[in-house]
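Enquirer: Quick one, upload37.cif (mmCIF, C-alpha atoms):
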data_input
#
loop_
_atom_site.group_PDB
_atom_site.id
_atom_site.type_symbol
_atom_site.label_atom_id
_atom_site.label_comp_id
_atom_site.auth_asym_id
_atom_site.auth_seq_id
_atom_site.Cartn_x
_atom_site.Cartn_y
_atom_site.Cartn_z
ATOM 1 C CA MET J 1 -13.651 -73.316 56.535
ATOM 2 C CA TYR J 2 -11.974 -76.567 55.555
ATOM 3 C CA TYR J 3 -9.136 -78.692 56.830
ATOM 4 C CA PHE J 4 -6.557 -80.410 54.620
ATOM 5 C CA THR J 5 -3.760 -82.789 55.641
ATOM 6 C CA ASN J 6 -0.681 -83.816 53.698
ATOM 7 C CA LEU J 7 2.793 -85.140 54.505
ATOM 8 C CA ILE J 8 4.070 -81.887 56.008
ATOM 9 C CA GLY J 9 1.115 -80.925 58.225
ATOM 10 C CA THR J 10 -2.572 -80.176 58.740
ATOM 11 C CA PHE J 11 -3.860 -76.873 57.279
ATOM 12 C CA ILE J 12 -7.004 -74.803 57.843
ATOM 13 C CA LEU J 13 -8.326 -73.043 54.733
ATOM 14 C CA ASP J 14 -10.916 -70.265 54.531
ATOM 15 C CA ASN J 15 -13.683 -70.129 51.946
ATOM 16 C CA LYS J 16 -11.250 -68.539 49.460
ATOM 17 C CA LEU J 17 -8.852 -71.489 50.028
ATOM 18 C CA LYS J 18 -6.162 -69.449 51.736
ATOM 19 C CA VAL J 19 -4.193 -70.974 54.602
ATOM 20 C CA ILE J 20 -5.157 -69.327 57.878
ATOM 21 C CA ASP J 21 -3.747 -71.820 60.378
ATOM 22 C CA SER J 22 -1.610 -74.967 60.400
ATOM 23 C CA LEU J 23 0.205 -77.532 62.531
ATOM 24 C CA SER J 24 3.351 -79.122 61.068
ATOM 25 C CA PHE J 25 4.477 -82.720 61.457
ATOM 26 C CA LYS J 26 7.972 -83.084 62.896
ATOM 27 C CA ASN J 27 8.463 -86.560 61.450
ATOM 28 C CA VAL J 28 6.713 -89.432 59.683
ATOM 29 C CA GLU J 29 5.479 -90.907 62.973
ATOM 30 C CA GLU J 30 3.448 -87.747 63.648
ATOM 31 C CA TYR J 31 2.025 -88.008 60.123
ATOM 32 C CA SER J 32 0.946 -91.621 60.724
ATOM 33 C CA GLN J 33 -0.761 -90.500 63.976
ATOM 34 C CA ARG J 34 -2.210 -87.298 62.526
ATOM 35 C CA GLU J 35 -5.740 -87.683 63.937
ATOM 36 C CA ASN J 36 -4.896 -85.758 67.149
ATOM 37 C CA LYS J 37 -3.584 -82.685 65.337
ATOM 38 C CA GLU J 38 -6.500 -82.762 62.910
ATOM 39 C CA LYS J 39 -8.965 -82.860 65.816
ATOM 40 C CA GLN J 40 -7.261 -79.883 67.518
ATOM 41 C CA LEU J 41 -7.582 -77.647 64.455
ATOM 42 C CA ILE J 42 -11.060 -78.875 63.503
ATOM 43 C CA LYS J 43 -12.336 -78.120 67.014
ATOM 44 C CA LYS J 44 -10.601 -74.741 67.096
ATOM 45 C CA HIS J 45 -11.957 -73.531 63.735
ATOM 46 C CA GLN J 46 -15.069 -75.696 63.357
ATOM 47 C CA ALA J 47 -13.686 -76.765 59.969
ATOM 48 C CA GLY J 48 -15.222 -79.329 57.633
ATOM 49 C CA SER J 49 -13.684 -81.749 55.191
ATOM 50 C CA LEU J 50 -12.507 -80.402 51.854
ATOM 51 C CA PRO J 51 -14.872 -81.012 48.893
ATOM 52 C CA GLU J 52 -13.337 -83.067 46.081
ATOM 53 C CA ASN J 53 -13.937 -80.387 43.447
ATOM 54 C CA LYS J 54 -11.724 -77.956 45.407
ATOM 55 C CA LEU J 55 -8.804 -80.394 45.747
ATOM 56 C CA PRO J 56 -6.916 -79.298 42.566
ATOM 57 C CA GLN J 57 -6.899 -75.662 43.752
ATOM 58 C CA VAL J 58 -5.581 -76.652 47.177
ATOM 59 C CA LEU J 59 -2.845 -78.839 45.721
ATOM 60 C CA SER J 60 -1.658 -75.944 43.590
ATOM 61 C CA LEU J 61 -1.010 -73.968 46.822
ATOM 62 C CA PHE J 62 1.746 -76.417 47.755
ATOM 63 C CA LYS J 63 3.654 -75.878 44.528
ATOM 64 C CA ASN J 64 5.145 -72.885 46.276
ATOM 65 C CA GLN J 65 8.928 -73.236 46.599
ATOM 66 C CA LYS J 66 8.850 -72.667 50.355
ATOM 67 C CA TYR J 67 7.337 -76.157 50.808
ATOM 68 C CA TYR J 68 9.888 -77.977 48.601
ATOM 69 C CA SER J 69 12.505 -78.712 51.271
ATOM 70 C CA GLU J 70 9.882 -79.947 53.757
ATOM 71 C CA PHE J 71 8.302 -82.258 51.176
ATOM 72 C CA PHE J 72 11.727 -83.588 50.222
ATOM 73 C CA LEU J 73 12.736 -84.390 53.822
ATOM 74 C CA LYS J 74 9.377 -85.953 54.717
ATOM 75 C CA ASN J 75 9.285 -88.065 51.549
ATOM 76 C CA LEU J 76 12.802 -89.244 52.295
ATOM 77 C CA GLN J 77 11.754 -90.243 55.825
ATOM 78 C CA LEU J 78 8.627 -91.969 54.496
ATOM 79 C CA THR J 79 10.655 -93.948 51.950
ATOM 80 C CA LYS J 80 13.116 -95.095 54.619
ATOM 81 C CA GLN J 81 10.219 -96.095 56.879
ATOM 82 C CA SER J 82 8.557 -98.041 54.039
ATOM 83 C CA ILE J 83 11.794 -99.884 53.251
ATOM 84 C CA LYS J 84 12.215 -100.762 56.925
ATOM 85 C CA GLU J 85 8.653 -102.072 57.211
ATOM 86 C CA SER J 86 8.886 -104.054 53.952
ATOM 87 C CA VAL J 87 11.297 -106.597 55.473
ATOM 88 C CA ASN J 88 9.359 -109.726 56.456
ATOM 89 C CA GLU J 89 9.635 -113.509 56.775
ATOM 90 C CA ASP J 90 9.634 -113.933 52.984
ATOM 91 C CA ASN J 91 12.934 -112.048 52.758
ATOM 92 C CA LEU J 92 14.474 -114.083 55.590
ATOM 93 C CA ILE J 93 13.392 -117.398 54.043
ATOM 94 C CA ILE J 94 14.614 -116.437 50.559
ATOM 95 C CA GLN J 95 18.020 -115.283 51.830
ATOM 96 C CA THR J 96 18.480 -118.382 53.998
ATOM 97 C CA ILE J 97 17.584 -120.937 51.316
ATOM 98 C CA ALA J 98 19.728 -119.045 48.796
ATOM 99 C CA ASN J 99 22.683 -119.282 51.171
ATOM 100 C CA ILE J 100 22.024 -122.995 51.746
ATOM 101 C CA ASN J 101 22.123 -123.501 47.966
ATOM 102 C CA GLU J 102 25.408 -121.595 47.778
ATOM 103 C CA LEU J 103 26.884 -123.654 50.612
ATOM 104 C CA ASP J 104 25.842 -126.863 48.815
ATOM 105 C CA ARG J 105 27.471 -125.699 45.594
ATOM 106 C CA ILE J 106 30.715 -124.606 47.291
ATOM 107 C CA SER J 107 31.009 -127.667 49.547
ATOM 108 C CA ASN J 108 30.378 -130.057 46.621
ATOM 109 C CA THR J 109 33.126 -128.375 44.605
ATOM 110 C CA LEU J 110 35.563 -128.522 47.522
ATOM 111 C CA VAL J 111 34.737 -132.153 48.339
ATOM 112 C CA LYS J 112 35.377 -133.121 44.726
ATOM 113 C CA ARG J 113 38.797 -131.463 45.008
ATOM 114 C CA LEU J 114 39.446 -133.148 48.364
ATOM 115 C CA ARG J 115 38.568 -136.577 46.942
ATOM 116 C CA GLU J 116 41.018 -136.131 44.057
ATOM 117 C CA TRP J 117 43.706 -134.757 46.352
ATOM 118 C CA TYR J 118 43.333 -137.415 49.072
ATOM 119 C CA SER J 119 43.284 -140.158 46.415
ATOM 120 C CA LEU J 120 46.965 -139.448 45.815
ATOM 121 C CA TYR J 121 47.491 -140.721 49.363
ATOM 122 C CA PHE J 122 44.645 -143.204 49.883
ATOM 123 C CA PRO J 123 42.514 -143.863 46.720
ATOM 124 C CA GLU J 124 40.568 -146.756 48.292
ATOM 125 C CA LEU J 125 38.711 -144.397 50.660
ATOM 126 C CA ALA J 126 37.159 -142.304 47.881
ATOM 127 C CA GLU J 127 35.983 -145.500 46.162
ATOM 128 C CA SER J 128 34.504 -146.997 49.330
ATOM 129 C CA VAL J 129 32.703 -143.971 50.823
ATOM 130 C CA GLN J 130 30.031 -142.389 48.600
ATOM 131 C CA SER J 131 28.660 -139.878 51.128
ATOM 132 C CA HIS J 132 30.559 -136.581 50.881
ATOM 133 C CA GLU J 133 29.876 -135.690 54.513
ATOM 134 C CA LYS J 134 31.074 -139.076 55.770
ATOM 135 C CA PHE J 135 34.180 -138.859 53.567
ATOM 136 C CA VAL J 136 35.105 -135.443 54.993
ATOM 137 C CA GLU J 137 34.536 -136.687 58.552
ATOM 138 C CA LEU J 138 36.838 -139.699 58.030
ATOM 139 C CA VAL J 139 39.611 -137.656 56.431
ATOM 140 C CA SER J 140 39.588 -135.062 59.201
ATOM 141 C CA THR J 141 39.374 -137.484 62.149
ATOM 142 C CA LYS J 142 41.185 -140.728 61.223
ATOM 143 C CA THR J 143 44.695 -141.749 60.146
ATOM 144 C CA ARG J 144 45.425 -144.000 57.180
ATOM 145 C CA SER J 145 46.240 -146.951 59.445
ATOM 146 C CA GLN J 146 42.860 -146.602 61.179
ATOM 147 C CA LEU J 147 41.061 -146.353 57.840
ATOM 148 C CA LEU J 148 42.875 -149.425 56.495
ATOM 149 C CA LYS J 149 41.639 -151.377 59.496
ATOM 150 C CA ASP J 150 38.053 -150.103 58.999
ATOM 151 C CA LEU J 151 38.116 -151.085 55.320
ATOM 152 C CA HIS J 152 39.791 -154.443 56.065
ATOM 153 C CA LEU J 153 42.807 -153.619 53.907
ATOM 154 C CA GLU J 154 46.451 -154.339 54.530
ATOM 155 C CA VAL J 155 48.132 -151.859 52.170
ATOM 156 C CA ALA J 156 47.008 -148.681 50.378
ATOM 157 C CA MET J 157 47.901 -148.024 46.747
ATOM 158 C CA GLY J 158 48.546 -144.339 47.398
ATOM 159 C CA ALA J 159 51.883 -142.616 47.827
ATOM 160 C CA ASP J 160 53.509 -142.267 51.243
ATOM 161 C CA LEU J 161 53.302 -138.519 51.718
ATOM 162 C CA ALA J 162 54.995 -136.448 54.401
ATOM 163 C CA ASP J 163 52.969 -134.881 57.223
ATOM 164 C CA GLU J 164 53.294 -131.387 55.718
ATOM 165 C CA HIS J 165 51.320 -132.556 52.639
ATOM 166 C CA LEU J 166 48.697 -134.364 54.694
ATOM 167 C CA GLU J 167 48.224 -131.305 56.886
ATOM 168 C CA GLU J 168 46.943 -129.312 53.914
ATOM 169 C CA MET J 169 44.385 -132.008 53.095
ATOM 170 C CA HIS J 170 43.240 -132.084 56.719
ATOM 171 C CA LEU J 171 42.862 -128.303 56.738
ATOM 172 C CA LEU J 172 40.622 -128.473 53.672
ATOM 173 C CA ALA J 173 38.590 -131.294 55.242
ATOM 174 C CA LYS J 174 38.040 -129.236 58.416
ATOM 175 C CA GLU J 175 36.921 -126.191 56.421
ATOM 176 C CA VAL J 176 34.425 -128.277 54.431
ATOM 177 C CA SER J 177 33.205 -129.815 57.681
ATOM 178 C CA SER J 178 32.558 -126.317 59.042
ATOM 179 C CA LEU J 179 30.522 -125.539 55.889
ATOM 180 C CA TYR J 180 28.371 -128.610 56.554
ATOM 181 C CA GLU J 181 27.894 -127.466 60.145
ATOM 182 C CA LEU J 182 26.876 -123.979 58.992
ATOM 183 C CA ARG J 183 24.416 -125.484 56.516
ATOM 184 C CA ASN J 184 22.803 -127.569 59.269
ATOM 185 C CA LYS J 185 22.441 -124.481 61.476
ATOM 186 C CA HIS J 186 20.848 -122.568 58.597
ATOM 187 C CA GLU J 187 18.414 -125.431 58.040
ATOM 188 C CA ASP J 188 17.415 -125.489 61.732
ATOM 189 C CA TYR J 189 16.890 -121.713 61.649
ATOM 190 C CA LEU J 190 14.855 -121.997 58.436
ATOM 191 C CA LYS J 191 12.670 -124.702 59.958
ATOM 192 C CA LYS J 192 11.827 -122.492 62.960
ATOM 193 C CA ILE J 193 10.784 -119.578 60.724
ATOM 194 C CA MET J 194 8.676 -121.750 58.423
ATOM 195 C CA GLU J 195 6.944 -123.626 61.251
ATOM 196 C CA LYS J 196 5.692 -120.265 62.502
ATOM 197 C CA TYR J 197 5.145 -118.438 59.175
ATOM 198 C CA CYS J 198 3.850 -121.208 56.871
ATOM 199 C CA PRO J 199 3.178 -124.362 58.946
ATOM 200 C CA ASN J 200 1.046 -126.115 56.315
ATOM 201 C CA LEU J 201 3.590 -125.669 53.529
ATOM 202 C CA ASN J 202 6.443 -126.667 55.844
ATOM 203 C CA GLU J 203 4.644 -129.827 56.981
ATOM 204 C CA LEU J 204 3.649 -131.074 53.517
ATOM 205 C CA ALA J 205 6.583 -129.903 51.391
ATOM 206 C CA GLY J 206 9.340 -130.131 53.983
ATOM 207 C CA THR J 207 11.560 -127.253 55.044
ATOM 208 C CA THR J 208 13.951 -127.188 52.078
ATOM 209 C CA ILE J 209 11.410 -127.755 49.280
ATOM 210 C CA GLY J 210 8.924 -125.355 50.888
ATOM 211 C CA ALA J 211 11.574 -122.633 51.146
ATOM 212 C CA LYS J 212 12.638 -123.192 47.529
ATOM 213 C CA LEU J 213 9.020 -122.832 46.399
ATOM 214 C CA ILE J 214 8.747 -119.502 48.245
ATOM 215 C CA GLU J 215 12.065 -118.395 46.718
ATOM 216 C CA LEU J 216 10.955 -119.334 43.185
ATOM 217 C CA GLY J 217 7.497 -117.842 43.746
ATOM 218 C CA GLY J 218 8.963 -114.585 45.072
ATOM 219 C CA SER J 219 6.876 -114.592 48.273
ATOM 220 C CA LEU J 220 4.258 -116.647 50.099
ATOM 221 C CA LYS J 221 1.570 -114.279 48.802
ATOM 222 C CA HIS J 222 2.588 -114.770 45.188
ATOM 223 C CA LEU J 223 2.925 -118.522 45.704
ATOM 224 C CA ALA J 224 -0.603 -118.638 47.144
ATOM 225 C CA MET J 225 -1.948 -116.894 44.039
ATOM 226 C CA LEU J 226 -0.296 -119.300 41.598
ATOM 227 C CA PRO J 227 -2.281 -122.195 40.095
ATOM 228 C CA ALA J 228 -1.246 -125.728 41.043
ATOM 229 C CA SER J 229 0.026 -126.393 37.496
ATOM 230 C CA THR J 230 2.554 -123.555 37.865
ATOM 231 C CA ILE J 231 3.679 -124.700 41.331
ATOM 232 C CA GLN J 232 4.224 -128.163 39.859
ATOM 233 C CA LEU J 233 6.788 -126.762 37.374
ATOM 234 C CA LEU J 234 8.585 -124.226 39.597
ATOM 235 C CA GLY J 235 12.293 -124.882 39.142
ATOM 236 C CA ALA J 236 11.856 -126.436 35.683
ATOM 237 C CA GLU J 237 11.627 -123.182 33.750
ATOM 238 C CA LYS J 238 14.544 -123.959 31.420
ATOM 239 C CA ALA J 239 13.050 -127.313 30.424
ATOM 240 C CA LEU J 240 9.638 -125.690 29.931
ATOM 241 C CA PHE J 241 11.006 -122.938 27.665
ATOM 242 C CA ARG J 242 12.993 -125.555 25.731
ATOM 243 C CA HIS J 243 9.751 -127.522 25.269
ATOM 244 C CA ILE J 244 7.937 -124.402 24.011
ATOM 245 C CA LYS J 245 10.794 -123.431 21.682
ATOM 246 C CA THR J 246 11.844 -126.809 20.259
ATOM 247 C CA GLY J 247 8.905 -129.100 20.954
ATOM 248 C CA SER J 248 11.010 -131.336 23.211
ATOM 249 C CA LYS J 249 9.403 -133.400 25.964
ATOM 250 C CA SER J 250 7.439 -131.298 28.441
ATOM 251 C CA PRO J 251 8.700 -131.367 32.072
ATOM 252 C CA LYS J 252 6.404 -132.955 34.672
ATOM 253 C CA TYR J 253 7.910 -131.444 37.824
ATOM 254 C CA GLY J 254 10.363 -128.892 39.148
ATOM 255 C CA VAL J 255 11.857 -128.778 42.656
ATOM 256 C CA ILE J 256 9.082 -131.017 44.003
ATOM 257 C CA ILE J 257 10.809 -133.980 42.276
ATOM 258 C CA ASN J 258 12.852 -134.357 45.508
ATOM 259 C CA HIS J 259 9.708 -134.838 47.620
ATOM 260 C CA PRO J 260 9.509 -138.358 49.188
ATOM 261 C CA LEU J 261 5.991 -138.954 47.780
ATOM 262 C CA ILE J 262 7.277 -138.487 44.226
ATOM 263 C CA GLN J 263 10.554 -140.294 44.846
ATOM 264 C CA ASP J 264 8.661 -143.331 46.177
ATOM 265 C CA ALA J 265 6.136 -143.363 43.320
ATOM 266 C CA LYS J 266 6.535 -145.765 40.392
ATOM 267 C CA LYS J 267 8.204 -144.343 37.297
ATOM 268 C CA ASP J 268 4.995 -144.215 35.242
ATOM 269 C CA GLU J 269 3.088 -142.596 38.148
ATOM 270 C CA LYS J 270 5.535 -139.777 39.017
ATOM 271 C CA GLY J 271 3.699 -137.300 36.786
ATOM 272 C CA LYS J 272 0.358 -138.112 38.425
ATOM 273 C CA ALA J 273 1.956 -137.899 41.889
ATOM 274 C CA SER J 274 3.471 -134.487 41.116
ATOM 275 C CA ARG J 275 0.093 -133.114 39.942
ATOM 276 C CA MET J 276 -1.629 -134.327 43.097
ATOM 277 C CA LEU J 277 1.138 -132.987 45.337
ATOM 278 C CA ALA J 278 1.192 -129.589 43.591
ATOM 279 C CA ASP J 279 -2.571 -129.310 44.083
ATOM 280 C CA LYS J 280 -2.243 -129.845 47.839
ATOM 281 C CA LEU J 281 0.791 -127.535 48.072
ATOM 282 C CA SER J 282 -1.269 -124.801 46.420
ATOM 283 C CA LEU J 283 -3.973 -125.253 49.080
ATOM 284 C CA CYS J 284 -1.337 -125.217 51.851
ATOM 285 C CA ALA J 285 0.156 -121.937 50.579
ATOM 286 C CA ARG J 286 -3.300 -120.334 50.556
ATOM 287 C CA LEU J 287 -4.130 -121.602 54.037
ATOM 288 C CA ASP J 288 -0.852 -120.165 55.353
ATOM 289 C CA PHE J 289 -1.164 -116.789 53.619
ATOM 290 C CA PHE J 290 -4.798 -116.244 54.631
ATOM 291 C CA LYS J 291 -4.115 -117.631 58.150
ATOM 292 C CA GLY J 292 -6.390 -120.635 57.781
ATOM 293 C CA GLU J 293 -6.450 -123.822 59.816
ATOM 294 C CA PHE J 294 -3.728 -126.483 59.891
ATOM 295 C CA LYS J 295 -4.631 -129.204 57.383
ATOM 296 C CA ALA J 296 -1.273 -130.379 56.033
ATOM 297 C CA LYS J 297 -1.311 -133.701 57.914
ATOM 298 C CA GLU J 298 -4.744 -134.521 56.475
ATOM 299 C CA TYR J 299 -3.503 -133.695 52.973
ATOM 300 C CA ARG J 300 -0.406 -135.863 53.410
ATOM 301 C CA LYS J 301 -2.489 -138.799 54.638
ATOM 302 C CA GLU J 302 -4.879 -138.374 51.704
ATOM 303 C CA LEU J 303 -1.998 -138.303 49.208
ATOM 304 C CA GLU J 304 -0.348 -141.379 50.734
ATOM 305 C CA GLU J 305 -3.616 -143.341 50.501
ATOM 306 C CA LYS J 306 -4.207 -142.354 46.865
ATOM 307 C CA LEU J 307 -0.619 -143.126 45.825
ATOM 308 C CA ARG J 308 -0.379 -146.398 47.743
#
Show me the file's structure as structure tokens.
Expert:
Amino acid sequence: MYYFTNLIGTFILDNKLKVIDSLSFKNVEEYSQRENKEKQLIKKHQAGSLPENKLPQVLSLFKNQKYYSEFFLKNLQLTKQSIKESVNEDNLIIQTIANINELDRISNTLVKRLREWYSLYFPELAESVQSHEKFVELVSTKTRSQLLKDLHLEVAMGADLADEHLEEMHLLAKEVSSLYELRNKHEDYLKKIMEKYCPNLNELAGTTIGAKLIELGGSLKHLAMLPASTIQLLGAEKALFRHIKTGSKSPKYGVIINHPLIQDAKKDEKGKASRMLADKLSLCARLDFFKGEFKAKEYRKELEEKLR
């Protein structure tokens, strides 16, 4: 006699491969912990494992229509369970950095509108304050007379608008300010996840760049498998394809261009700096995926000494 287990239960087969006994699984959890039921039937019937050459005959037994509904329900449960278990830190990081990018895009558009709108009332402020976040803060918290004093001006060139018009500008400024606050909260949340999930990548690349690399790579696993030359150009795909198609200048870096080590490098050394950084980022991704030791600080120190 033989035993055979599939998604719907464990079956005992005689020498002619007919089912003589069985125990069904009520759900997918019982299937994942099937050893107990297998042991019960094996002990009861002294059954052995099914030879490979008999497997096709046994599988043909389950083509019977009476098993169809059970297979359908169990496969549906198994698919739902697999989807549930597939959610991991990669998904959380990708969704968070994508939302941060969206918030940046929306807030920049709204601040541009606010600058144009508020310039009807006080054009000197938009010219004096370059930081969007600072501009929004000043508009939402200070009056024109206070701002004139801060800028050491006596009179503004803008129109004298009624309070009902200014109220609308202040409302927009407050909404943009709330977007900045939400972005900062997202960034704090992202930092906590990455410090735990990929500490080496987070330390060397920084939270935002590290998250963007995972987003562009698709997952930490895929990022760890990529060569350093590919990591170097993540985010510069359009420029790379343009280079391949038209022979234009090849890009030297993608999202890592915003890294302080590359920003601080001399113009003619940025390409070299990006290659060296990408090489260390590749090592960091592999250390994090394969749960290696923490070496990011050593890599950063090494890079700083070479680029000094």
Enquirer: Using all atoms listed in the file, which residue out of J:Met169, J:Val176, J:Leu223, J:Val129 lies closest to Arg105 of chain J?
Expert: J:Val176
Enquirer: Could you tell me which of J:Lys212, J:Lys54, J:Lys280, J:Arg144 comes closest to Ser119 of chain J if we count all atoms listed in the file?
Expert: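 Looking at the shortest contact to Ser119 of chain J, the residue is J:Arg144.
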Enquirer: Run the PyMOL selection byres ((chain J and resi 11-17) around 8) on the file and write out the hits as a PyMOL selection string.
Expert: chain J and resi 1-5+9-10+18-23+41+45+47+57-58
Enquirer: Can you measure atom CA of Thr230 of chain J to atom CA of Arg242 of chain J for me? One decimal in Å is fine.
Expert: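 According to the coordinates, atom CA of Thr230 of chain J and atom CA of Arg242 of chain J are separated by 16.1 Å.
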Enquirer: For atom CA of Leu171 of chain J and atom CA of Tyr121 of chain J, determine how far apart the two atoms are, in Å to one decimal place.
Expert: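 Computing the Euclidean distance for atom CA of Leu171 of chain J and atom CA of Tyr121 of chain J yields 15.2 Å.
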Enquirer: Go through J:Ile231, J:Leu138, J:Ala126, J:Ile209 and flag the residue nearest Asn258 of chain J, using only C-alpha atoms for the distances.
Expert: J:Ile209
Enquirer: Since I can't run it myself right now, could you work out what the PyMOL selection byres ((chain J and resi 30) around 12) selects here and report it as a VMD selection string?
Expert: chain J and resid 5 to 10 23 to 29 31 to 38 74 77 to 78
Enquirer: Output the residue selection produced by the PyMOL selection byres ((chain J and resi 270-273) around 10) on the file above, formatted as a list in words.
Expert: Gln232, Pro251, Lys252, Tyr253, Ile257, Leu261, Ile262, Gln263, Asp264, Ala265, Lys266, Lys267, Asp268, Glu269, Ser274, Arg275, Met276, Leu277, Ala278, Asp279, Leu303, Glu304, Lys306 and Leu307 of chain J
Enquirer: What does the structure give for the distance between atom CA of Thr246 of chain J and atom CA of Leu216 of chain J, in Å to one decimal?
Expert: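 A separation of 24.1 Å between them.
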Enquirer: Looking at J:Ser177, J:Ile100, J:Glu154, J:Gln95, which one is nearest to Phe135 of chain J, with distances taken over all atoms listed in the file?
Expert: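 For Phe135 of chain J, the nearest of the candidates is J:Ser177.
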Enquirer: Excluding Phe290 of chain J and any residue of its chain fewer than 4 positions from it, enumerate the residues within 12 Å of it, using all atoms listed in the file, and give them as an MDAnalysis selection string.
Expert: chainID J and resid 197:198 200 220:221 224:225 283:286 294
Enquirer: What lies within 12 Å of Ala211 of chain J using only C-alpha atoms, ignoring chain neighbours under 2 positions off, as an MDAnalysis selection string?
Expert: chainID J and resid 89:101 186:187 189:195 197:199 201:209 213:220 223 255:256 285
Enquirer: Report as JSON the centre and the edge lengths, in Å to one decimal, of the axis-aligned box holding every listed atom of segment 243-248 of chain J, padded by 6 Å on each side.
Expert:
{"center_x": 9.9, "center_y": -127.4, "center_z": 22.8, "size_x": 15.9, "size_y": 19.9, "size_z": 17.0}
Enquirer: Show me as a PyMOL selection string the residues that reach within 12 Å of (33.4, -136.8, 56.8), counting only C-alpha atoms and using the file's own coordinates.
Expert: chain J and resi 107+111+114-115+125-126+129-142+170+172-181
Enquirer: Please, could N, CA and C atoms be added to segment 38-54 of chain J and the result written as a PDB file, in the frame of the given file?
Expert:
ATOM      1  N   GLU J  38      -5.323 -83.129  63.706  1.00  0.00           N
ATOM      2  CA  GLU J  38      -6.500 -82.762  62.910  1.00  0.00           C
ATOM      3  C   GLU J  38      -7.660 -82.360  63.824  1.00  0.00           C
ATOM      4  N   LYS J  39      -7.860 -83.142  64.891  1.00  0.00           N
ATOM      5  CA  LYS J  39      -8.965 -82.860  65.816  1.00  0.00           C
ATOM      6  C   LYS J  39      -8.789 -81.509  66.505  1.00  0.00           C
ATOM      7  N   GLN J  40      -7.527 -81.172  66.858  1.00  0.00           N
ATOM      8  CA  GLN J  40      -7.261 -79.883  67.518  1.00  0.00           C
ATOM      9  C   GLN J  40      -7.698 -78.719  66.634  1.00  0.00           C
ATOM     10  N   LEU J  41      -7.262 -78.755  65.363  1.00  0.00           N
ATOM     11  CA  LEU J  41      -7.582 -77.647  64.455  1.00  0.00           C
ATOM     12  C   LEU J  41      -9.055 -77.629  64.065  1.00  0.00           C
ATOM     13  N   ILE J  42      -9.635 -78.813  63.872  1.00  0.00           N
ATOM     14  CA  ILE J  42     -11.060 -78.875  63.503  1.00  0.00           C
ATOM     15  C   ILE J  42     -11.917 -78.287  64.626  1.00  0.00           C
ATOM     16  N   LYS J  43     -11.581 -78.633  65.863  1.00  0.00           N
ATOM     17  CA  LYS J  43     -12.336 -78.120  67.014  1.00  0.00           C
ATOM     18  C   LYS J  43     -12.136 -76.624  67.173  1.00  0.00           C
ATOM     19  N   LYS J  44     -10.915 -76.164  66.923  1.00  0.00           N
ATOM     20  CA  LYS J  44     -10.601 -74.741  67.096  1.00  0.00           C
ATOM     21  C   LYS J  44     -11.321 -73.877  66.074  1.00  0.00           C
ATOM     22  N   HIS J  45     -11.392 -74.362  64.816  1.00  0.00           N
ATOM     23  CA  HIS J  45     -11.957 -73.531  63.735  1.00  0.00           C
ATOM     24  C   HIS J  45     -13.307 -74.031  63.227  1.00  0.00           C
ATOM     25  N   GLN J  46     -13.802 -75.125  63.816  1.00  0.00           N
ATOM     26  CA  GLN J  46     -15.069 -75.696  63.357  1.00  0.00           C
ATOM     27  C   GLN J  46     -15.011 -75.956  61.839  1.00  0.00           C
ATOM     28  N   ALA J  47     -13.912 -76.558  61.403  1.00  0.00           N
ATOM     29  CA  ALA J  47     -13.686 -76.765  59.969  1.00  0.00           C
ATOM     30  C   ALA J  47     -14.289 -78.091  59.510  1.00  0.00           C
ATOM     31  N   GLY J  48     -14.680 -78.112  58.230  1.00  0.00           N
ATOM     32  CA  GLY J  48     -15.222 -79.329  57.633  1.00  0.00           C
ATOM     33  C   GLY J  48     -14.235 -79.932  56.647  1.00  0.00           C
ATOM     34  N   SER J  49     -14.571 -81.101  56.161  1.00  0.00           N
ATOM     35  CA  SER J  49     -13.684 -81.749  55.191  1.00  0.00           C
ATOM     36  C   SER J  49     -13.728 -81.031  53.851  1.00  0.00           C
ATOM     37  N   LEU J  50     -12.647 -81.109  53.126  1.00  0.00           N
ATOM     38  CA  LEU J  50     -12.507 -80.402  51.854  1.00  0.00           C
ATOM     39  C   LEU J  50     -13.291 -81.119  50.757  1.00  0.00           C
ATOM     40  N   PRO J  51     -14.159 -80.395  50.020  1.00  0.00           N
ATOM     41  CA  PRO J  51     -14.872 -81.012  48.893  1.00  0.00           C
ATOM     42  C   PRO J  51     -13.892 -81.448  47.794  1.00  0.00           C
ATOM     43  N   GLU J  52     -14.228 -82.520  47.105  1.00  0.00           N
ATOM     44  CA  GLU J  52     -13.337 -83.067  46.081  1.00  0.00           C
ATOM     45  C   GLU J  52     -13.095 -82.082  44.940  1.00  0.00           C
ATOM     46  N   ASN J  53     -14.096 -81.304  44.589  1.00  0.00           N
ATOM     47  CA  ASN J  53     -13.937 -80.387  43.447  1.00  0.00           C
ATOM     48  C   ASN J  53     -12.968 -79.238  43.747  1.00  0.00           C
ATOM     49  N   LYS J  54     -12.659 -79.022  45.041  1.00  0.00           N
ATOM     50  CA  LYS J  54     -11.724 -77.956  45.407  1.00  0.00           C
ATOM     51  C   LYS J  54     -10.290 -78.470  45.595  1.00  0.00           C
TER      52      LYS J  54
END
